[in-house]
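What follows is the content of target_8.txt (compact mmCIF, C-alpha atoms).
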# COMPACT_ATOMS: atom_id res chain seq x y z
CA MET A 1 97.35 -7.81 89.57
CA SER A 2 99.87 -5.27 90.90
CA GLU A 3 101.07 -7.60 93.67
CA SER A 4 101.90 -10.43 91.27
CA LEU A 5 105.15 -12.24 91.95
CA PHE A 6 105.34 -13.25 88.28
CA GLN A 7 106.65 -10.01 86.79
CA LEU A 8 110.40 -10.24 86.16
CA SER A 9 111.77 -10.99 82.70
CA GLN A 10 114.53 -13.59 82.62
CA ALA A 11 117.27 -10.92 82.39
CA GLU A 12 115.78 -8.96 85.30
CA ARG A 13 115.42 -12.17 87.32
CA GLU A 14 119.06 -13.15 86.76
CA ALA A 15 120.23 -9.68 87.81
CA ALA A 16 118.08 -9.73 90.95
CA LEU A 17 118.78 -13.31 92.04
CA LEU A 18 122.53 -13.67 91.46
CA PRO A 19 123.78 -11.32 94.24
CA VAL A 20 121.25 -12.66 96.76
CA LEU A 21 122.08 -16.29 96.01
CA THR A 22 125.81 -15.56 96.13
CA GLU A 23 125.34 -14.04 99.59
CA LEU A 24 123.21 -17.01 100.66
CA THR A 25 125.92 -19.43 99.54
CA ALA A 26 128.46 -17.58 101.70
CA HIS A 27 126.00 -17.50 104.62
CA HIS A 28 125.42 -21.24 104.49
CA ARG A 29 129.15 -21.98 104.17
CA ALA A 30 129.75 -19.99 107.36
CA ALA A 31 126.81 -21.46 109.28
CA CYS A 32 126.70 -25.10 108.12
CA ALA A 33 130.01 -26.98 108.39
CA PRO A 34 128.97 -30.04 106.28
CA TYR A 35 127.86 -27.71 103.45
CA ASP A 36 131.18 -25.86 103.61
CA ARG A 37 133.09 -29.17 103.48
CA ILE A 38 131.18 -30.24 100.37
CA LEU A 39 131.88 -26.97 98.55
CA SER A 40 135.52 -26.84 99.69
CA SER A 41 136.16 -30.36 98.43
CA LEU A 42 134.79 -29.36 95.04
CA GLY A 43 136.92 -26.21 94.88
CA THR A 44 133.83 -23.99 94.65
CA PRO A 45 134.65 -20.30 94.12
CA THR A 46 133.08 -17.45 96.10
CA ALA A 47 131.93 -15.40 93.09
CA PHE A 48 129.72 -16.54 90.21
CA ASP A 49 128.96 -15.19 86.73
CA SER A 50 125.40 -16.51 86.49
CA VAL A 51 122.71 -18.33 88.48
CA ALA A 52 123.56 -21.51 86.55
CA ASP A 53 127.15 -21.32 87.91
CA LEU A 54 126.05 -21.59 91.56
CA PRO A 55 126.87 -24.89 93.32
CA TRP A 56 123.93 -27.26 93.71
CA LEU A 57 123.17 -29.95 96.25
CA PRO A 58 121.26 -33.10 95.31
CA VAL A 59 117.95 -33.15 97.20
CA ARG A 60 118.71 -36.58 98.61
CA MET A 61 121.55 -35.07 100.68
CA PHE A 62 118.79 -34.00 103.11
CA LYS A 63 117.90 -37.67 103.60
CA THR A 64 121.42 -38.66 104.64
CA HIS A 65 122.93 -35.58 106.31
CA GLU A 66 121.89 -33.06 108.95
CA LEU A 67 122.11 -29.81 107.03
CA ARG A 68 121.06 -26.77 109.00
CA SER A 69 122.34 -23.22 109.18
CA VAL A 70 120.82 -22.30 112.56
CA PRO A 71 121.80 -23.49 116.05
CA GLU A 72 119.89 -26.55 117.24
CA ASP A 73 118.18 -24.61 120.04
CA GLU A 74 116.72 -22.18 117.47
CA VAL A 75 114.99 -24.90 115.42
CA PHE A 76 111.28 -24.11 115.52
CA LYS A 77 109.95 -26.80 113.20
CA ILE A 78 111.33 -29.89 111.48
CA LEU A 79 109.68 -30.91 108.22
CA THR A 80 110.03 -34.45 106.90
CA SER A 81 109.48 -35.66 103.36
CA SER A 82 107.43 -38.70 102.51
CA GLY A 83 110.62 -40.69 101.84
CA THR A 84 110.48 -43.36 99.15
CA THR A 85 111.07 -46.98 100.08
CA GLY A 86 114.46 -47.56 101.66
CA SER A 87 115.75 -44.03 101.07
CA GLY A 88 114.69 -42.43 104.34
CA ALA A 89 113.09 -39.02 104.66
CA SER A 90 114.48 -35.54 104.16
CA ARG A 91 114.69 -33.44 107.31
CA ILE A 92 114.32 -29.70 106.84
CA TYR A 93 115.11 -27.37 109.74
CA LEU A 94 113.24 -24.09 110.12
CA ASP A 95 113.70 -21.39 112.72
CA LYS A 96 110.82 -19.01 113.46
CA GLU A 97 112.01 -16.45 110.92
CA ALA A 98 112.31 -19.06 108.15
CA ALA A 99 108.90 -20.56 108.96
CA ALA A 100 107.30 -17.11 108.79
CA ALA A 101 109.09 -16.25 105.54
CA GLN A 102 108.05 -19.45 103.74
CA THR A 103 104.41 -18.95 104.76
CA LYS A 104 104.48 -15.30 103.65
CA MET A 105 106.08 -15.99 100.27
CA LEU A 106 103.86 -18.98 99.51
CA GLY A 107 100.89 -16.69 100.13
CA ALA A 108 102.28 -13.91 97.95
CA THR A 109 102.94 -16.40 95.14
CA LEU A 110 99.49 -17.97 95.20
CA ARG A 111 97.60 -14.68 95.48
CA THR A 112 98.39 -14.23 91.79
CA VAL A 113 95.88 -16.99 91.02
CA LEU A 114 93.71 -16.94 94.16
CA GLY A 115 93.22 -13.21 94.63
CA ASN A 116 93.37 -11.47 98.01
CA GLU A 117 90.10 -12.67 99.52
CA ARG A 118 90.05 -15.80 101.68
CA LEU A 119 87.37 -17.99 100.14
CA PRO A 120 85.49 -21.04 101.51
CA MET A 121 87.71 -24.06 100.95
CA LEU A 122 87.31 -27.74 100.15
CA MET A 123 90.33 -29.76 101.30
CA VAL A 124 90.68 -33.04 99.41
CA ASP A 125 92.23 -34.80 102.40
CA THR A 126 91.44 -35.79 105.97
CA VAL A 127 91.80 -33.46 108.97
CA SER A 128 93.88 -36.09 110.79
CA ILE A 129 96.82 -35.38 108.43
CA ILE A 130 97.61 -32.13 110.27
CA LYS A 131 97.39 -33.33 113.89
CA ASN A 132 101.13 -33.23 114.76
CA ARG A 133 102.13 -29.56 114.62
CA ARG A 134 105.90 -29.84 115.24
CA SER A 135 106.91 -32.62 112.86
CA PHE A 136 104.96 -32.77 109.60
CA SER A 137 104.97 -35.10 106.66
CA ALA A 138 105.23 -33.42 103.25
CA ARG A 139 101.53 -34.06 102.74
CA GLY A 140 100.61 -32.63 106.13
CA ALA A 141 102.77 -29.56 105.57
CA GLY A 142 101.12 -29.00 102.19
CA VAL A 143 97.62 -29.29 103.60
CA LEU A 144 98.32 -27.00 106.56
CA GLY A 145 100.12 -24.45 104.40
CA MET A 146 97.30 -24.28 101.87
CA ALA A 147 94.61 -24.13 104.57
CA ASN A 148 95.83 -20.61 105.38
CA PHE A 149 94.39 -19.34 102.09
CA GLY A 150 90.80 -20.33 102.76
CA ARG A 151 88.11 -20.28 105.42
CA LYS A 152 85.14 -22.47 106.40
CA HIS A 153 87.28 -25.52 105.62
CA VAL A 154 85.52 -28.76 104.80
CA TYR A 155 87.55 -31.97 104.42
CA VAL A 156 86.42 -34.26 101.61
CA LEU A 157 87.63 -37.39 103.40
CA ASP A 158 86.51 -38.63 106.79
CA GLU A 159 88.95 -39.97 109.43
CA ASN A 160 88.90 -43.36 107.68
CA ASP A 161 90.03 -41.80 104.37
CA GLN A 162 86.63 -42.39 102.79
CA PRO A 163 84.78 -39.68 100.79
CA ASP A 164 82.28 -37.79 102.96
CA ILE A 165 79.82 -37.10 100.18
CA GLU A 166 77.24 -35.46 102.43
CA ALA A 167 79.84 -32.99 103.74
CA VAL A 168 80.78 -32.04 100.16
CA LYS A 169 77.13 -31.63 99.16
CA LYS A 170 76.49 -29.45 102.20
CA PHE A 171 79.54 -27.29 101.40
CA LEU A 172 78.41 -26.80 97.79
CA ALA A 173 74.85 -26.00 98.86
CA GLU A 174 76.17 -23.26 101.13
CA PHE A 175 79.09 -21.87 99.10
CA GLY A 176 78.94 -23.36 95.57
CA ASP A 177 77.15 -20.41 93.93
CA LYS A 178 80.19 -18.12 94.40
CA PRO A 179 83.94 -18.62 94.00
CA PHE A 180 85.48 -21.16 96.37
CA LEU A 181 88.87 -22.84 96.70
CA ILE A 182 89.78 -26.49 96.34
CA PHE A 183 93.14 -27.95 97.34
CA GLY A 184 94.52 -31.47 97.17
CA PHE A 185 97.26 -33.70 95.81
CA THR A 186 96.62 -34.56 92.19
CA PHE A 187 95.86 -38.26 92.51
CA MET A 188 93.59 -37.70 95.52
CA VAL A 189 91.76 -34.87 93.72
CA TRP A 190 91.07 -37.20 90.82
CA LEU A 191 90.02 -40.19 92.89
CA TYR A 192 88.10 -38.50 95.70
CA LEU A 193 86.79 -35.31 94.11
CA TYR A 194 86.54 -35.74 90.33
CA GLU A 195 85.10 -39.28 90.40
CA VAL A 196 82.77 -38.47 93.30
CA ALA A 197 81.58 -35.22 91.65
CA ARG A 198 81.05 -37.00 88.32
CA ASP A 199 79.14 -39.89 89.89
CA HIS A 200 76.93 -37.62 91.99
CA GLY A 201 76.42 -34.82 89.45
CA LEU A 202 78.10 -32.15 91.60
CA ASP A 203 78.63 -28.67 90.15
CA LEU A 204 82.17 -27.38 90.74
CA SER A 205 82.02 -24.58 88.17
CA ASN A 206 82.76 -21.80 90.67
CA GLY A 207 85.77 -23.61 92.09
CA ILE A 208 89.44 -22.65 91.85
CA LEU A 209 91.54 -25.80 92.12
CA ILE A 210 95.16 -25.80 93.29
CA HIS A 211 96.77 -29.24 93.07
CA SER A 212 100.19 -30.87 92.98
CA GLY A 213 102.06 -34.17 92.85
CA GLY A 214 100.96 -37.73 92.32
CA TRP A 215 100.93 -37.72 88.51
CA LYS A 216 102.52 -41.16 88.17
CA LYS A 217 99.45 -42.91 89.53
CA LEU A 218 97.29 -40.97 87.07
CA ILE A 219 99.53 -41.71 84.09
CA ASP A 220 98.97 -45.38 84.92
CA ARG A 221 95.27 -44.59 84.40
CA ALA A 222 95.98 -42.79 81.10
CA VAL A 223 95.20 -39.39 82.62
CA ASP A 224 97.68 -36.64 81.76
CA ASN A 225 97.40 -32.92 82.53
CA ALA A 226 95.33 -32.12 79.43
CA GLU A 227 92.93 -35.01 80.09
CA PHE A 228 92.68 -34.02 83.76
CA ARG A 229 91.61 -30.50 82.80
CA ARG A 230 89.26 -31.68 80.02
CA ARG A 231 87.40 -34.17 82.18
CA PHE A 232 86.97 -31.76 85.07
CA LYS A 233 85.57 -29.14 82.68
CA GLU A 234 83.19 -31.50 80.88
CA ASP A 235 81.93 -33.46 83.90
CA THR A 236 81.95 -30.92 86.75
CA GLY A 237 82.18 -27.48 85.09
CA LEU A 238 85.51 -26.73 86.83
CA THR A 239 87.84 -24.71 84.58
CA ARG A 240 90.08 -22.66 86.90
CA ILE A 241 92.79 -25.23 87.57
CA HIS A 242 96.40 -24.55 88.58
CA ASN A 243 98.89 -27.35 89.02
CA TYR A 244 102.04 -26.45 90.93
CA TYR A 245 105.48 -27.96 91.44
CA GLY A 246 107.27 -27.75 94.75
CA MET A 247 109.09 -29.86 97.30
CA ILE A 248 109.58 -29.89 101.03
CA GLU A 249 113.32 -29.34 100.55
CA GLN A 250 112.47 -25.84 99.26
CA ILE A 251 109.37 -25.20 101.35
CA GLY A 252 107.47 -22.00 100.54
CA THR A 253 108.63 -21.93 96.91
CA VAL A 254 106.14 -23.17 94.34
CA PHE A 255 106.21 -23.05 90.54
CA VAL A 256 102.67 -22.38 89.34
CA GLU A 257 100.81 -23.39 86.19
CA GLY A 258 99.73 -20.36 84.18
CA PRO A 259 96.08 -19.65 83.28
CA SER A 260 96.35 -21.32 79.85
CA GLY A 261 97.68 -24.54 81.37
CA ASN A 262 100.51 -26.97 80.51
CA SER A 263 103.43 -24.74 81.56
CA LEU A 264 104.82 -23.92 85.00
CA TYR A 265 106.30 -20.53 85.86
CA CYS A 266 108.85 -19.31 88.41
CA PRO A 267 107.94 -16.68 91.01
CA ASP A 268 110.27 -13.68 90.98
CA PHE A 269 112.41 -14.99 93.88
CA ALA A 270 113.06 -18.35 92.19
CA ASP A 271 114.24 -19.95 88.96
CA VAL A 272 114.88 -23.32 87.34
CA VAL A 273 117.91 -24.63 85.46
CA ILE A 274 117.64 -27.77 83.30
CA ARG A 275 120.90 -29.75 83.33
CA ASP A 276 122.38 -32.39 81.06
CA PRO A 277 122.50 -35.58 83.18
CA GLU A 278 125.90 -36.49 81.72
CA THR A 279 127.81 -33.20 81.73
CA TRP A 280 125.64 -31.13 84.16
CA ALA A 281 125.82 -28.22 81.70
CA GLU A 282 122.67 -26.13 81.30
CA GLN A 283 120.40 -27.49 78.58
CA PRO A 284 119.02 -25.18 75.87
CA VAL A 285 115.29 -24.47 75.48
CA GLY A 286 113.44 -27.56 74.31
CA VAL A 287 116.03 -30.12 75.45
CA PRO A 288 115.02 -32.23 78.49
CA GLY A 289 117.27 -32.75 81.48
CA VAL A 290 117.43 -32.83 85.26
CA ILE A 291 115.57 -30.02 87.04
CA GLU A 292 117.53 -27.74 89.35
CA VAL A 293 115.39 -25.44 91.51
CA VAL A 294 116.73 -22.14 92.80
CA SER A 295 115.16 -19.96 95.51
CA THR A 296 116.25 -17.10 97.75
CA LEU A 297 113.99 -18.36 100.58
CA PRO A 298 116.03 -21.10 102.32
CA ARG A 299 118.15 -19.37 104.97
CA SER A 300 117.89 -21.78 107.91
CA TYR A 301 119.31 -24.68 105.85
CA PRO A 302 121.34 -24.79 102.59
CA GLY A 303 118.47 -25.52 100.22
CA HIS A 304 118.74 -22.48 97.95
CA VAL A 305 120.18 -24.38 94.93
CA LEU A 306 118.96 -27.96 94.64
CA LEU A 307 119.32 -30.61 91.98
CA THR A 308 116.07 -32.58 92.02
CA GLU A 309 115.49 -36.17 90.92
CA ASP A 310 112.96 -34.99 88.33
CA LEU A 311 113.24 -34.60 84.57
CA GLY A 312 111.93 -31.46 82.94
CA VAL A 313 112.17 -29.18 79.94
CA VAL A 314 112.01 -25.41 79.41
CA HIS A 315 109.54 -24.65 76.62
CA GLY A 316 110.30 -20.97 76.22
CA VAL A 317 111.54 -17.78 77.87
CA ASP A 318 109.51 -14.56 78.25
CA ASP A 319 106.91 -15.85 75.77
CA GLY A 320 104.05 -17.21 77.89
CA ASP A 321 101.28 -16.18 80.30
CA TRP A 322 103.92 -14.65 82.61
CA PRO A 323 107.56 -13.59 82.11
CA GLY A 324 110.60 -15.81 82.71
CA LYS A 325 111.03 -19.48 81.91
CA ARG A 326 108.03 -21.71 81.32
CA PHE A 327 108.65 -25.39 81.84
CA SER A 328 107.14 -28.82 82.41
CA VAL A 329 108.02 -31.70 84.70
CA LEU A 330 108.38 -34.89 82.64
CA GLY A 331 108.72 -37.42 85.47
CA ARG A 332 111.21 -38.95 87.87
CA LEU A 333 114.78 -39.85 87.01
CA PRO A 334 115.54 -43.56 86.69
CA LYS A 335 117.08 -44.74 89.97
CA ALA A 336 120.56 -45.34 88.56
CA GLU A 337 120.82 -41.78 87.28
CA ALA A 338 119.41 -40.37 90.50
CA ARG A 339 122.05 -42.17 92.54
CA GLY A 340 124.76 -40.85 90.25
CA CYS A 341 123.95 -37.25 91.15
CA SER A 342 124.37 -37.71 94.89
CA ASP A 343 127.30 -40.10 94.66
CA THR A 344 129.29 -37.14 93.36
CA PHE A 345 129.01 -35.66 96.84
CA SER A 346 129.04 -38.69 99.15
CA GLY A 347 132.76 -38.67 99.84
CA ALA A 348 132.97 -34.93 100.33
CA ALA A 349 130.11 -34.80 102.79
CA ALA A 350 131.08 -37.72 104.96
Output the file's structure as structure tokens, nothing else.
Amino acid sequence: MSESLFQLSQAEREAALLPVLTELTAHHRAACAPYDRILSSLGTPTAFDSVADLPWLPVRMFKTHELRSVPEDEVFKILTSSGTTGSGASRIYLDKEAAAAQTKMLGATLRTVLGNERLPMLMVDTVSIIKNRRSFSARGAGVLGMANFGRKHVYVLDENDQPDIEAVKKFLAEFGDKPFLIFGFTFMVWLYLYEVARDHGLDLSNGILIHSGGWKKLIDRAVDNAEFRRRFKEDTGLTRIHNYYGMIEQIGTVFVEGPSGNSLYCPDFADVVIRDPETWAEQPVGVPGVIEVVSTLPRSYPGHVLLTEDLGVVHGVDDGDWPGKRFSVLGRLPKAEARGCSDTFSGAAA
């Protein structure tokens, strides 16, 4: 597809991203005083030799600090993460320009796998999740953002979070003989779509499933990515499945599973760096470490280079379905290691 945002080789990506990210770092230093204090205390330079040399922030900084690069009266929307127990929630500040840009680039990224036509869409969630339009949870933001890519939306769950089997049957009777979209968070897709479709003999063979997050609950059920895909294919006929990796702290940027499955890819405006959790040096291909996500999108807050609390590994470079790095997410960091990342910055940011 000519519009694909998965076209740049790794060398081309590095050349394109480095000057933009360097400019973004300077922009955020000028516009966000806490960010500038953090970088100043670390002696961060103003020029960088590679994307991997750029200064990163731990994602949990957005749980503990107000980090925004726009005046308060220009904040259009505040996104909040589904904070884990006791750790609070990230707060992400978007002005109108940033909100429009993240919607536009998410759409451009996903058109690579969805095509340009807005198809009928099954949402594996409840409509009540998107009721508050100014302050969203991560789940609500995901549902609302993905809803833009479909039409004739039908929600799989009723307002009591119970499967509405008749609504799903009616949707499939009307739209199931042609391509249609399905979106949901991974665990919910398994519990409320796969198991319901299997038990009621529903045909999902014309579906295109986009899903993300929630793998831990499935691993507890001995369902990994390969098993997820196999069972959907065998029991419902669904084969077009794309997992993606993203986070509210870098809203609008998603890393998408390629057509052959089991590897995620970076859109042309983003990249990943895998870091050694002891030295923070970049890990070579095949060696697991902490995932750093890089994107040129965040301009209203300093979220362009973020160290996540996830473990991952790069499997190869320029050798997969699409160019650039292909990688997998291996799971969450143990809590002690995760704290270590952000403790590096706690004094500087106070």
Item checked: Shortest interatomic distance to Gln10 in chain A - which of A:Arg326, A:Arg299, A:Arg230, A:His27, counting all atoms listed in the file ->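 Checking each candidate against Gln10 in chain A, we get A:Arg326 as the closest.
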Margin query: Between CA of Phe180 in chain A and CA of Met247 in chain A, what is the distance in Å, rounded to a tenth?
Written below: 25.2 Å
Check: Could you pull the residues within 10 Å of Ala16 in chain A, counting all atoms listed in the file, minus those fewer than 6 positions along the same chain, as a VMD selection string?
Finding: chain A and resid 8 10 268 to 269
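The space separating CA of Val313 in chain A from CA of Gly43 in chain A comes to 29.1 Å.
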Margin query: Just to confirm, what's the straight-line distance from CA of Glu66 in chain A to CA of Pro34 in chain A in Å (one decimal)?
Written below: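 Separating CA of Glu66 in chain A from CA of Pro34 in chain A is a distance of 8.1 Å.
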Checklist line | A:Glu166, A:Glu159, A:Leu209, A:Glu23 ranked by distance to Phe183 in chain A, top pick (using all atoms listed in the file) | finding: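 Of all the options, A:Leu209 lies closest to Phe183 in chain A.
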Notebook entry, point to check: A:Leu204, A:Leu5, A:Leu18, A:Leu57: which is nearest Leu42 in chain A, counting all atoms listed in the file?
Noted result: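 Selected residue with least distance to Leu42 in chain A: A:Leu57.
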Next item on the list: Determine, counting all atoms listed in the file, which protein, DNA and RNA residues have an atom within 12 Å of an atom of Asp158 in chain A; residues of the same chain fewer than 3 positions away are not included. Present the result as an NGL selection string.
Entry: :A and (123-129 or 154-155 or 161-168 or 192)
Do you know which residues are at most 9 Å from range 28-31 of chain A counting all atoms listed in the file, after dropping those on the same chain fewer than 6 positions away, and could you put them as a PDB file with C-alpha atoms, in the frame of the given file?
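Heads up, here's the output in result.pdb:
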ATOM      1  CA  ARG A  37     133.090 -29.170 103.480  1.00  0.00           C
ATOM      2  CA  LEU A  39     131.880 -26.970  98.550  1.00  0.00           C
ATOM      3  CA  ARG A  68     121.060 -26.770 109.000  1.00  0.00           C
ATOM      4  CA  SER A  69     122.340 -23.220 109.180  1.00  0.00           C
ATOM      5  CA  VAL A  70     120.820 -22.300 112.560  1.00  0.00           C
ATOM      6  CA  PRO A  71     121.800 -23.490 116.050  1.00  0.00           C
ATOM      7  CA  ARG A 299     118.150 -19.370 104.970  1.00  0.00           C
ATOM      8  CA  SER A 300     117.890 -21.780 107.910  1.00  0.00           C
ATOM      9  CA  TYR A 301     119.310 -24.680 105.850  1.00  0.00           C
ATOM     10  CA  PRO A 302     121.340 -24.790 102.590  1.00  0.00           C
TER      11      PRO A 302
END
Notebook entry, point to check: Using all atoms listed in the file, which of the listed residues (A:Ala270, A:Gly303, A:Thr25, A:His211) sits closest to Leu94 in chain A?
Noted result: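 Nearest candidate to Leu94 in chain A out of A:Ala270, A:Gly303, A:Thr25, A:His211: A:Gly303.
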Notebook entry, point to check: Contacts of range 249-262 of chain A at 9 Å or less, counting only C-alpha atoms, minus same-chain residues fewer than 5 places along, as an MDAnalysis selection string?
Noted result: chainID A and resid 59 62 79:81 90:92 99 101:107 109:110 113 141 145 225:226 229 240:244 267 269:271 293:295 297:298 303:306 320:322 326:328
Notebook entry, point to check: Which one of A:Leu122, A:Ala108, A:Ile248, A:Leu114 sits closest to Ala89 in chain A if you count only C-alpha atoms?
Noted result: A:Ile248
